[in-house]
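Novice: Can you keep this structure in mind? I'll have questions shortly.
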2 protein chains.
Amino acid sequence: MTETVLSSATKEVVIGFGRPFVMIGERINPTGRKLLAEEMTNGDFSRVESDAIAQVAAGAQMLDVNAGIPLADEPALLARAVELVQSVTDVPLAIDSSIIEALEAGLAVYRGKALINSVTGEVENMERVLPLVAKHGAAVVAISNDETGISEDPDVRFEVAKKIVLAANDHGIAAADVIVDPLVMPIGAMGTAGQQVFHLVRRLRDELGVNTTCGASNVSFGLPNRHNITGTFLAMAIGAGMTSAIMNPMHAEVRSSVMAADVLAGQDQDCARWIQANRDPNADGGARARRGRRRRPE
Amino acid sequence: MTETVLSSATKEVVIGFGRPFVMIGERINPTGRKLLAEEMTNGDFSRVESDAIAQVAAGAQMLDVNAGIPLADEPALLARAVELVQSVTDVPLAIDSSIIEALEAGLAVYRGKALINSVTGEVENMERVLPLVAKHGAAVVAISNDETGISEDPDVRFEVAKKIVLAANDHGIAAADVIVDPLVMPIGAMGTAGQQVFHLVRRLRDELGVNTTCGASNVSFGLPNRHNITGTFLAMAIGAGMTSAIMNPMHAEVRSSVMAADVLAGQDQDCARWIQANRDPNADGGARARRGRRRRPE
């Protein structure tokens with residue numbers, strides 16, 4: 001069975017078939033978060049810290065850290081964010097940038113085995129990112145697009161993913177350390193977006209034997225009641241074999257869908273996590289919060 | 001594409017691949033509903049009528065009608081229930097009994113093309129039910145167990161389903177008029193129950209080309225926050241290709257999961273039904289109710 005092992009200085013997380021789905025918190029990302037971008041640019045990382053703590057408290061087993069702010073010194077910001085997040089939480093991180101120098105800066109300060117987010121199927125990109133992955137003994141998110149763009153044909157995206165896995169292998173990176181992102185489009189703009197992903201995830205698992213991840217929130221962009229779309233998408237993706245996602249763990253309905261899908265995919269032994277989360281009002285609480293229940297005074 | 005066409009006197013419903021999932025309301029069933037059983041035995045069908053109206057208002061495209069009360073005159077009760085439900089709603093019905101005389105009595109008064117629920121793979125049962133299906137030009141739910149019981153191996157259940165489809169064909173019943181129930185066990189008692197169903201539904205669709213249904217509520221029996229388990233199960237089953245379920249449409253979270261799964265499976269053109277249900281506070285309202293939103297006075 002394919003297992004991708006990530007670690008912080010003190011904690012290991014395994015992404016793998018038949019294991020509980022791994023939620024990678026997406027919140028530490030200034031893209032579209034104007035206030036956070038301003039604060040980070042001004043050297044105020046208090047929101048980065050509180051978002052890290054809150055996402056882990058909500059159940060994220062890993063966190064994605066991105067410092068992509070136009071015109072800012074992204075390598076310095078990303079390194080600072082990685083250091084701070086590692087000082088307030090113990091979960092492994094995904095170091096997220098499209099700039100190679102930023103990835104290098106983040107990796108330089110990271111303690112443990114990181115997930116590098118990401119490499120694409122573009123030859124130039126692979127030649128820059130894969131040596132870095134190999135050098136640090138890291139794992140990497142492989143995005144299934146290349147010089148020709150993002151194909152609407154999932155079987156073309158499969159071939160791009162395969163190309164990246166083979167190139168990684170040439171750099172001494174095992175297939176288990178390549179987590180493929182099948183690319184999730186907004187379902188409101190492309191009605192086949194869900195089917196494409198489910199089909200591709202099944203092929204990636206059955207034929208390439210790789211773990212998968214995705215930016216889940218994108219699927220519901222522009223739709224009303226979007227958290228229910230995102231949560232249901234994740235459940236169906238888990239049914240198709242997806243093993244992790246970069247997502248917002250702060251929404252109770254999304255978290256609850258992921259946990260229920262783990263039960264139904266046989267990834268929650270004796271339903272223990274589900275029963276715990278839904279019995280103890282101090283635990284996860286997603287379901288209870290959803291029903292609007294309140295604790296009564298003793 | 002496989003299409004099962006059911007009808008009432010005035011309305012047609014099509015169950016089929018790529019079409020919106022068909023919710024068959026399960027509530028008109030005295031099993032485990034002591035009060036309803038007492039009322040029906042005493043000739044009071046007011047709750048049957050109100051349950052019929054409420055389920056259709058909640059979005060059920062069909063209703064299952066069952067009158068299985070020990071020691072009661074089930075044929076007479078079922079015929080009365082079918083007549084009354086057809087007088088207050090216009091949706092097609094599933095006539096549900098394990099007693100052949102009750103099915104006959106229900107069919108005798110039914111106007112339209114009914115779904116007979118059910119036939120099993122037991123030879124004696126097939127020889128009694130299938131001629132009735134053929135005689136009335138009805139469709140039938142085929143339950144994938146036989147004289148040997150319910151196998152835990154989904155591939156054995158596939159063979160039982162195939163046997164029923166072939167036997168139906170011998171009676172002149174098209175495969176499109178056989179809707180297979182893969183049998184859903186409680187996930188709390190059998191951790192593989194979900195995977196079994198998803199695997200079997202995929203095979204039934206890909207290899208036999210038949211529509212599928214199930215008693216969905218059973219999957220969450222005994223678990224806390226069970227409606228989220230049931231809703232997530234249905235979403236994953238839709239992802240695997242299931243086309244209908246006998247279920248409780250009265251729970252907002254279950255309904256919302258089914259609607260979101262239709263969006264993600266590409267079965268809700270332009271997300272029109274989703275947007276309608278989530279924009280208009282007088283419409284479906286599942287999502288809004290869940291968030292506890294109230295309409296403000298104008």
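Identifiers in the structure tokens: chain A, B, ... in order shown; residue index from 1 per chain; ligand index from 1 in order shown.
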Just the residues within 8 Å of B:Ser244, please, counting only C-alpha atoms, with nothing from its chain fewer than 4 positions along; format it as a count of residues only.
Specialist: 9
Novice: Which chain A residues have any atom within 6 Å of an atom of chain B, and for each, what is the nearest pair of atoms with distance in Å to one decimal, counting only C-alpha atoms, rows sorted by chain and number, as a Markdown table?
Specialist:
```
| residue | atom | partner | partner_atom | distance |
| --- | --- | --- | --- | --- |
| A:Gly191 | CA | B:Gly266 | CA | 5.3 |
| A:Thr192 | CA | B:Gly266 | CA | 5.7 |
| A:Gly194 | CA | B:Leu264 | CA | 4.9 |
| A:Gln195 | CA | B:Ala265 | CA | 5.8 |
| A:Ile229 | CA | B:Ala260 | CA | 5.4 |
| A:Met236 | CA | B:Met236 | CA | 4.8 |
| A:Gly239 | CA | B:Met236 | CA | 5.7 |
| A:Ala260 | CA | B:Ile229 | CA | 5.4 |
| A:Leu264 | CA | B:Gly194 | CA | 4.9 |
| A:Ala265 | CA | B:Gln195 | CA | 5.8 |
| A:Gly266 | CA | B:Gly191 | CA | 5.4 |
```
Novice: For stretch 41-51 of chain A, list every protein, DNA or RNA residue within 10 Å, evaluated using only C-alpha atoms, and leave out those in the same chain fewer than 3 positions away; present the list as a PyMOL selection string.
Specialist: chain A and resi 25-30+35-38+54-57+63+65+67+69-74+77+80-82+84-89+250
Novice: Could you jot down the atom CA of A:Ala58 to atom CA of A:Leu183 separation for me, Å, one decimal place?
Specialist: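 Answer for the atom CA of A:Ala58 to atom CA of A:Leu183 separation: 25.0 Å.
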Novice: Identify, on the basis of only C-alpha atoms, every residue whose closest approach to stretch 138-153 of chain A does not exceed 6 Å; exclude the query and any residue fewer than 2 positions from it along the same chain; express the result as an NGL selection string.
Specialist: :A and (113-122 or 133 or 136 or 155-157 or 160-161 or 177-182)
Novice: Identify, on the basis of only C-alpha atoms, every residue whose closest approach to A:Ser8 does not exceed 9 Å; exclude the query and any residue fewer than 2 positions from it along the same chain; express the result as a list in words.
Specialist: Leu6, Thr10, Lys11, Glu12, Val13, Gln86, Asp90, Val91, Pro92, Leu93, Tyr110, Arg111, Gly112, Lys113 and Ala114 of chain A
Novice: Can I get the selected residues back with all heavy atoms, as a compact mmCIF listing (two decimals), in the first residue's frame?
Specialist:
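To be explicit, this is the file written out as result-v5.txt:
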```
# COMPACT_ATOMS: atom_id res chain seq x y z
N LEU A 6 4.98 12.17 6.17
CA LEU A 6 5.44 13.56 6.38
C LEU A 6 5.72 13.71 7.87
O LEU A 6 5.16 12.99 8.69
CB LEU A 6 4.34 14.56 5.98
CG LEU A 6 3.96 14.75 4.50
CD1 LEU A 6 5.20 14.84 3.60
CD2 LEU A 6 3.01 13.67 4.00
N THR A 10 8.58 16.66 15.65
CA THR A 10 8.15 15.71 16.69
C THR A 10 6.99 14.81 16.29
O THR A 10 6.60 13.93 17.06
CB THR A 10 7.68 16.49 17.94
OG1 THR A 10 6.64 17.40 17.54
CG2 THR A 10 8.83 17.29 18.56
N LYS A 11 6.43 15.02 15.11
CA LYS A 11 5.19 14.31 14.79
C LYS A 11 5.21 13.80 13.36
O LYS A 11 5.65 14.50 12.45
CB LYS A 11 4.01 15.27 14.97
CG LYS A 11 2.68 14.59 15.04
CD LYS A 11 1.62 15.57 15.50
CE LYS A 11 0.32 14.88 15.84
NZ LYS A 11 -0.61 15.83 16.47
N GLU A 12 4.66 12.59 13.17
CA GLU A 12 4.61 12.00 11.85
C GLU A 12 3.14 11.89 11.41
O GLU A 12 2.28 11.55 12.22
CB GLU A 12 5.20 10.59 11.93
CG GLU A 12 5.99 10.16 10.72
CD GLU A 12 6.73 8.86 10.99
OE1 GLU A 12 6.06 7.81 11.01
OE2 GLU A 12 7.94 8.91 11.19
N VAL A 13 2.88 12.16 10.16
CA VAL A 13 1.55 11.96 9.59
C VAL A 13 1.72 11.09 8.36
O VAL A 13 2.63 11.31 7.55
CB VAL A 13 0.89 13.30 9.22
CG1 VAL A 13 -0.33 13.09 8.32
CG2 VAL A 13 0.48 14.06 10.47
N GLN A 86 5.72 26.44 12.93
CA GLN A 86 6.34 25.29 13.62
C GLN A 86 6.57 25.57 15.11
O GLN A 86 6.69 24.64 15.89
CB GLN A 86 7.65 24.90 12.93
CG GLN A 86 7.42 24.18 11.59
CD GLN A 86 8.44 23.08 11.32
OE1 GLN A 86 9.64 23.32 11.21
NE2 GLN A 86 7.96 21.86 11.22
N ASP A 90 2.52 21.41 16.10
CA ASP A 90 3.48 20.31 15.88
C ASP A 90 3.14 19.48 14.64
O ASP A 90 3.67 18.38 14.47
CB ASP A 90 3.55 19.42 17.12
CG ASP A 90 2.23 18.73 17.41
OD1 ASP A 90 1.23 19.02 16.72
OD2 ASP A 90 2.20 17.88 18.33
N VAL A 91 2.26 19.99 13.78
CA VAL A 91 1.89 19.19 12.60
C VAL A 91 2.87 19.43 11.45
O VAL A 91 3.48 20.50 11.36
CB VAL A 91 0.45 19.52 12.14
CG1 VAL A 91 -0.56 19.22 13.23
CG2 VAL A 91 0.33 20.97 11.68
N PRO A 92 3.05 18.44 10.59
CA PRO A 92 3.88 18.64 9.39
C PRO A 92 3.25 19.70 8.47
O PRO A 92 2.04 19.90 8.49
CB PRO A 92 3.88 17.28 8.71
CG PRO A 92 3.46 16.30 9.78
CD PRO A 92 2.54 17.06 10.68
N LEU A 93 4.11 20.35 7.68
CA LEU A 93 3.64 21.44 6.83
C LEU A 93 3.81 21.14 5.34
O LEU A 93 4.73 20.41 4.94
CB LEU A 93 4.41 22.73 7.15
CG LEU A 93 4.39 23.21 8.60
CD1 LEU A 93 5.11 24.56 8.70
CD2 LEU A 93 2.97 23.32 9.13
N TYR A 110 12.82 24.60 7.78
CA TYR A 110 11.84 23.58 8.19
C TYR A 110 12.51 22.43 8.94
O TYR A 110 13.57 21.94 8.54
CB TYR A 110 11.11 23.02 6.96
CG TYR A 110 10.00 22.09 7.33
CD1 TYR A 110 8.80 22.57 7.83
CD2 TYR A 110 10.14 20.70 7.22
CE1 TYR A 110 7.77 21.72 8.20
CE2 TYR A 110 9.12 19.84 7.58
CZ TYR A 110 7.94 20.35 8.07
OH TYR A 110 6.92 19.50 8.44
N ARG A 111 11.88 21.99 9.99
CA ARG A 111 12.37 20.83 10.73
C ARG A 111 11.43 19.66 10.50
O ARG A 111 10.26 19.73 10.87
CB ARG A 111 12.46 21.17 12.22
CG ARG A 111 13.56 22.21 12.52
CD ARG A 111 13.47 22.70 13.95
NE ARG A 111 12.21 23.38 14.20
CZ ARG A 111 11.55 23.36 15.37
NH1 ARG A 111 12.05 22.70 16.38
NH2 ARG A 111 10.42 24.03 15.51
N GLY A 112 11.95 18.60 9.87
CA GLY A 112 11.14 17.42 9.57
C GLY A 112 11.14 17.15 8.08
O GLY A 112 11.97 17.68 7.33
N LYS A 113 10.19 16.31 7.65
CA LYS A 113 10.04 16.01 6.22
C LYS A 113 8.82 16.75 5.70
O LYS A 113 7.68 16.45 6.08
CB LYS A 113 9.88 14.50 6.01
CG LYS A 113 9.66 14.13 4.54
CD LYS A 113 9.54 12.62 4.37
CE LYS A 113 9.07 12.28 2.95
NZ LYS A 113 8.83 10.84 2.79
N ALA A 114 9.07 17.74 4.86
CA ALA A 114 7.99 18.61 4.40
C ALA A 114 7.32 18.07 3.14
O ALA A 114 7.86 17.22 2.43
CB ALA A 114 8.54 20.01 4.11
```
Novice: So which one's closest to B:Arg19, B:Met247, B:Ala76, B:Met242, B:Ile164? Using only C-alpha atoms, please.
Specialist: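 For B:Arg19, the nearest of the given residues is B:Met242.
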